[in-house]
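Student: There's a structure below that I have some questions on.
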Amino acid sequence: MARFVPFIVNAADSQKVSVKIARMKKLDAAQTEKEPVWQTSWMSDYIQDSSFEKYALKTNEGELVALAAYEILESDVMVHITYIESHPESNPTIVGHSKKYHGIGRVLIAYGIKLSIDHECGGTVTFEAKVPELAEHYVQDYGASPLPSFGGAPRYELSGEAAMNVFVTYLK
């Protein structure tokens with residue numbers, strides 16, 4: 001039987017780094033307000049909303065690499081990836097440094113697909129693109145399909161074969 005085995009890539013040597021994805025703890029959220037300060041405080045009322053399932057991505061040594069919030073929408077048969085943020089050392093939207101790790105967004109999208117499968121939503125996930133470069137990345141590299149955004153951030157869906165192509169990267 002196949003298992004979900006997440007990893008990211010060390011930018012310095014291109015080696016795979018095994019990671020764990022577990023429920024976010026208050027201590028993880030509090031780290032976003034310490035130096036180096038993250039773009040978003042994960043202690044905010046919005047992110048602390050109980051309707052979101054929040055997870056921490058950490059190396060096996062316990063280094064916090066990213067946080068993600070998901071909304072399980074069983075009635076809509078999908079998981080909405082509410083927010084993903086990498087530690088400042090790997091955050092591509094923070095200017096002025098090279099990233100420590102690559103593949104963070106991909107593994108957390110794959111985890112959203114896993115949650116979707118686990119909740120009988122068929123592997124379908126939706127998410128927004130914060131910047132135009134991300135929107136292009138989602139379409140080109142993941143095969144995401146645009147959805148109506150109703151004036152907000154561009155929205156995308158990843159489902160079917162495109163979702164499975166992302167997900168199987170992490171199956172052993």
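Note on naming: chains are A, B, ... as they come in the structure tokens, residues start from 1 per chain, ligands start from 1 in the order shown.
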May I have a table of the residues of region 2-38 of chain A lying at most 12 Å from region 58-66 of chain A, giving each one's closest pair of atoms and their distance in Å to one decimal, counting only C-alpha atoms, ordered by chain and ascending residue number, as a Markdown table?
Tutor:
```
| residue | atom | partner | partner_atom | distance |
| --- | --- | --- | --- | --- |
| A:Pro6 | CA | A:Thr59 | CA | 10.0 |
| A:Phe7 | CA | A:Thr59 | CA | 8.6 |
| A:Ile8 | CA | A:Thr59 | CA | 8.8 |
| A:Val9 | CA | A:Thr59 | CA | 10.8 |
| A:Asn10 | CA | A:Thr59 | CA | 10.9 |
| A:Lys16 | CA | A:Thr59 | CA | 10.8 |
| A:Val17 | CA | A:Thr59 | CA | 7.0 |
| A:Ser18 | CA | A:Thr59 | CA | 6.2 |
| A:Val19 | CA | A:Thr59 | CA | 4.3 |
| A:Lys20 | CA | A:Lys58 | CA | 5.4 |
| A:Ile21 | CA | A:Lys58 | CA | 6.5 |
| A:Ala22 | CA | A:Lys58 | CA | 8.3 |
| A:Arg23 | CA | A:Lys58 | CA | 10.8 |
| A:Met24 | CA | A:Ala66 | CA | 10.1 |
| A:Lys25 | CA | A:Leu64 | CA | 11.3 |
| A:Leu27 | CA | A:Leu64 | CA | 10.5 |
| A:Asp28 | CA | A:Leu64 | CA | 7.4 |
| A:Ala29 | CA | A:Leu64 | CA | 10.1 |
| A:Ala30 | CA | A:Leu64 | CA | 11.5 |
| A:Gln31 | CA | A:Leu64 | CA | 8.7 |
| A:Thr32 | CA | A:Ala66 | CA | 9.8 |
| A:Trp38 | CA | A:Ala66 | CA | 10.0 |
```
Student: With region 105-122 of chain A as the partner and 6 Å as the cut-off, tabulate the residues of region 60-86 of chain A that qualify, each row holding the nearest pair of atoms and their distance in Å to one decimal, using only C-alpha atoms, sorted by chain and rising number, as a Markdown table.
Tutor:
```
| residue | atom | partner | partner_atom | distance |
| --- | --- | --- | --- | --- |
| A:Val77 | CA | A:Cys121 | CA | 4.4 |
| A:Met78 | CA | A:Cys121 | CA | 5.0 |
| A:Val79 | CA | A:Ser116 | CA | 5.4 |
```
Student: Restricting the calculation to only C-alpha atoms: of A:Gln15, A:Gln39, A:Ser75, A:Thr82, which residue gets closest to Thr126 (chain A)?
Tutor: A:Thr82
Student: Between A:Val37, A:Ala11, A:Tyr156, A:Arg3, which has the minimum distance to Ile104 (chain A) (counting only C-alpha atoms)?
Tutor: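 Checking each candidate against Ile104 (chain A), we get A:Ala11 as the closest.
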Student: Between A:Glu85, A:Asp13, A:Thr169, A:Pro154, which one has atoms that come closest to Glu136 (chain A), using only C-alpha atoms?
Tutor: A:Pro154
Student: Rank nothing, just name the residue among A:Arg155, A:Ser149, A:Ala12, A:Glu128 nearest to His102 (chain A), using only C-alpha atoms.
Tutor: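 For His102 (chain A), the nearest of the given residues is A:Ala12.
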Student: Would you give me, as a ChimeraX atom specification, the residues in chain A that DSSP reads as helix (DSSP H, G or I)?
Tutor: /A:26-33,74-76,104-118,132-142,160-170
Student: Please write the residues from the selection above to a file, keeping N, CA and C atoms, as a short mmCIF file (atom, residue, chain, number, x, y, z; two decimals), in the first residue's frame.
Tutor:
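The result, written out as result-v5.cif:
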```cif
data_model
loop_
_atom_site.label_atom_id
_atom_site.label_comp_id
_atom_site.auth_asym_id
_atom_site.auth_seq_id
_atom_site.Cartn_x
_atom_site.Cartn_y
_atom_site.Cartn_z
N LYS A 26 0.09 26.21 19.13
CA LYS A 26 0.17 27.65 19.44
C LYS A 26 1.62 28.13 19.37
N LEU A 27 2.55 27.28 19.82
CA LEU A 27 3.96 27.63 19.78
C LEU A 27 4.43 27.86 18.35
N ASP A 28 3.93 27.06 17.40
CA ASP A 28 4.27 27.25 15.99
C ASP A 28 3.74 28.60 15.51
N ALA A 29 2.49 28.90 15.83
CA ALA A 29 1.88 30.17 15.41
C ALA A 29 2.62 31.35 16.03
N ALA A 30 3.04 31.22 17.28
CA ALA A 30 3.74 32.30 17.98
C ALA A 30 5.09 32.60 17.32
N GLN A 31 5.71 31.61 16.70
CA GLN A 31 7.01 31.83 16.04
C GLN A 31 6.90 32.84 14.91
N THR A 32 5.70 33.04 14.35
CA THR A 32 5.53 33.97 13.23
C THR A 32 5.66 35.42 13.67
N GLU A 33 5.63 35.66 14.98
CA GLU A 33 5.76 37.02 15.50
C GLU A 33 7.15 37.31 16.05
N GLU A 74 -16.83 19.69 2.79
CA GLU A 74 -17.42 18.43 2.36
C GLU A 74 -18.69 18.62 1.57
N SER A 75 -19.48 19.64 1.91
CA SER A 75 -20.73 19.87 1.18
C SER A 75 -20.45 20.33 -0.26
N ASP A 76 -19.29 20.94 -0.48
CA ASP A 76 -18.88 21.37 -1.83
C ASP A 76 -17.94 20.36 -2.47
N ILE A 104 8.09 23.81 -1.15
CA ILE A 104 7.23 23.95 0.04
C ILE A 104 5.76 24.06 -0.37
N GLY A 105 5.46 24.95 -1.31
CA GLY A 105 4.08 25.11 -1.76
C GLY A 105 3.53 23.82 -2.35
N ARG A 106 4.34 23.15 -3.16
CA ARG A 106 3.91 21.92 -3.82
C ARG A 106 3.54 20.85 -2.79
N VAL A 107 4.38 20.65 -1.77
CA VAL A 107 4.09 19.60 -0.80
C VAL A 107 2.85 19.96 0.03
N LEU A 108 2.64 21.24 0.31
CA LEU A 108 1.46 21.63 1.09
C LEU A 108 0.19 21.59 0.24
N ILE A 109 0.30 21.83 -1.06
CA ILE A 109 -0.85 21.61 -1.95
C ILE A 109 -1.15 20.12 -2.01
N ALA A 110 -0.10 19.30 -2.12
CA ALA A 110 -0.30 17.83 -2.13
C ALA A 110 -0.97 17.38 -0.84
N TYR A 111 -0.61 18.00 0.28
CA TYR A 111 -1.24 17.64 1.55
C TYR A 111 -2.73 18.03 1.53
N GLY A 112 -3.05 19.16 0.92
CA GLY A 112 -4.45 19.54 0.75
C GLY A 112 -5.20 18.50 -0.08
N ILE A 113 -4.55 17.98 -1.12
CA ILE A 113 -5.14 16.93 -1.94
C ILE A 113 -5.35 15.68 -1.09
N LYS A 114 -4.38 15.36 -0.24
CA LYS A 114 -4.52 14.21 0.66
C LYS A 114 -5.72 14.41 1.60
N LEU A 115 -5.85 15.61 2.17
CA LEU A 115 -7.00 15.89 3.03
C LEU A 115 -8.30 15.72 2.25
N SER A 116 -8.30 16.18 1.00
CA SER A 116 -9.48 16.05 0.16
C SER A 116 -9.84 14.58 -0.07
N ILE A 117 -8.83 13.76 -0.33
CA ILE A 117 -9.07 12.33 -0.52
C ILE A 117 -9.57 11.71 0.79
N ASP A 118 -8.90 12.05 1.89
CA ASP A 118 -9.28 11.50 3.20
C ASP A 118 -10.71 11.86 3.60
N PRO A 132 0.52 37.63 -9.47
CA PRO A 132 0.40 37.07 -10.83
C PRO A 132 1.40 35.96 -11.14
N GLU A 133 2.61 36.04 -10.60
CA GLU A 133 3.62 35.00 -10.85
C GLU A 133 3.16 33.65 -10.29
N LEU A 134 2.51 33.67 -9.14
CA LEU A 134 1.98 32.43 -8.57
C LEU A 134 0.85 31.88 -9.43
N ALA A 135 0.01 32.75 -9.92
CA ALA A 135 -1.10 32.31 -10.78
C ALA A 135 -0.55 31.57 -11.99
N GLU A 136 0.45 32.15 -12.63
CA GLU A 136 1.06 31.52 -13.79
C GLU A 136 1.71 30.19 -13.41
N HIS A 137 2.38 30.15 -12.27
CA HIS A 137 3.03 28.94 -11.76
C HIS A 137 2.00 27.83 -11.54
N TYR A 138 0.87 28.15 -10.94
CA TYR A 138 -0.17 27.15 -10.67
C TYR A 138 -0.69 26.52 -11.97
N VAL A 139 -0.87 27.35 -12.98
CA VAL A 139 -1.39 26.86 -14.26
C VAL A 139 -0.32 26.07 -15.00
N GLN A 140 0.87 26.65 -15.15
CA GLN A 140 1.94 26.04 -15.93
C GLN A 140 2.49 24.76 -15.29
N ASP A 141 2.78 24.82 -13.98
CA ASP A 141 3.50 23.72 -13.33
C ASP A 141 2.60 22.69 -12.67
N TYR A 142 1.37 23.07 -12.32
CA TYR A 142 0.47 22.14 -11.63
C TYR A 142 -0.72 21.74 -12.48
N GLY A 160 -8.82 16.05 -10.51
CA GLY A 160 -8.62 15.02 -11.52
C GLY A 160 -7.17 14.65 -11.71
N GLU A 161 -6.80 14.47 -12.98
CA GLU A 161 -5.45 14.03 -13.32
C GLU A 161 -4.38 15.02 -12.86
N ALA A 162 -4.66 16.33 -12.96
CA ALA A 162 -3.68 17.34 -12.54
C ALA A 162 -3.39 17.22 -11.04
N ALA A 163 -4.43 17.02 -10.23
CA ALA A 163 -4.22 16.85 -8.78
C ALA A 163 -3.45 15.57 -8.50
N MET A 164 -3.79 14.50 -9.18
CA MET A 164 -3.09 13.24 -8.95
C MET A 164 -1.61 13.32 -9.35
N ASN A 165 -1.30 14.10 -10.41
CA ASN A 165 0.10 14.27 -10.82
C ASN A 165 0.92 14.95 -9.73
N VAL A 166 0.32 15.89 -9.01
CA VAL A 166 1.01 16.54 -7.89
C VAL A 166 1.12 15.55 -6.72
N PHE A 167 0.01 14.90 -6.41
CA PHE A 167 -0.07 14.01 -5.23
C PHE A 167 0.89 12.83 -5.31
N VAL A 168 0.99 12.19 -6.46
CA VAL A 168 1.80 10.96 -6.56
C VAL A 168 3.29 11.23 -6.39
N THR A 169 3.71 12.48 -6.52
CA THR A 169 5.10 12.84 -6.25
C THR A 169 5.54 12.38 -4.86
N TYR A 170 4.59 12.32 -3.93
CA TYR A 170 4.90 12.05 -2.53
C TYR A 170 4.45 10.67 -2.07
#
```
Student: In Å to one decimal, how far is CA of Phe4 (chain A) from CA of Tyr70 (chain A)?
Tutor: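 Those two atoms sit 17.6 Å apart.
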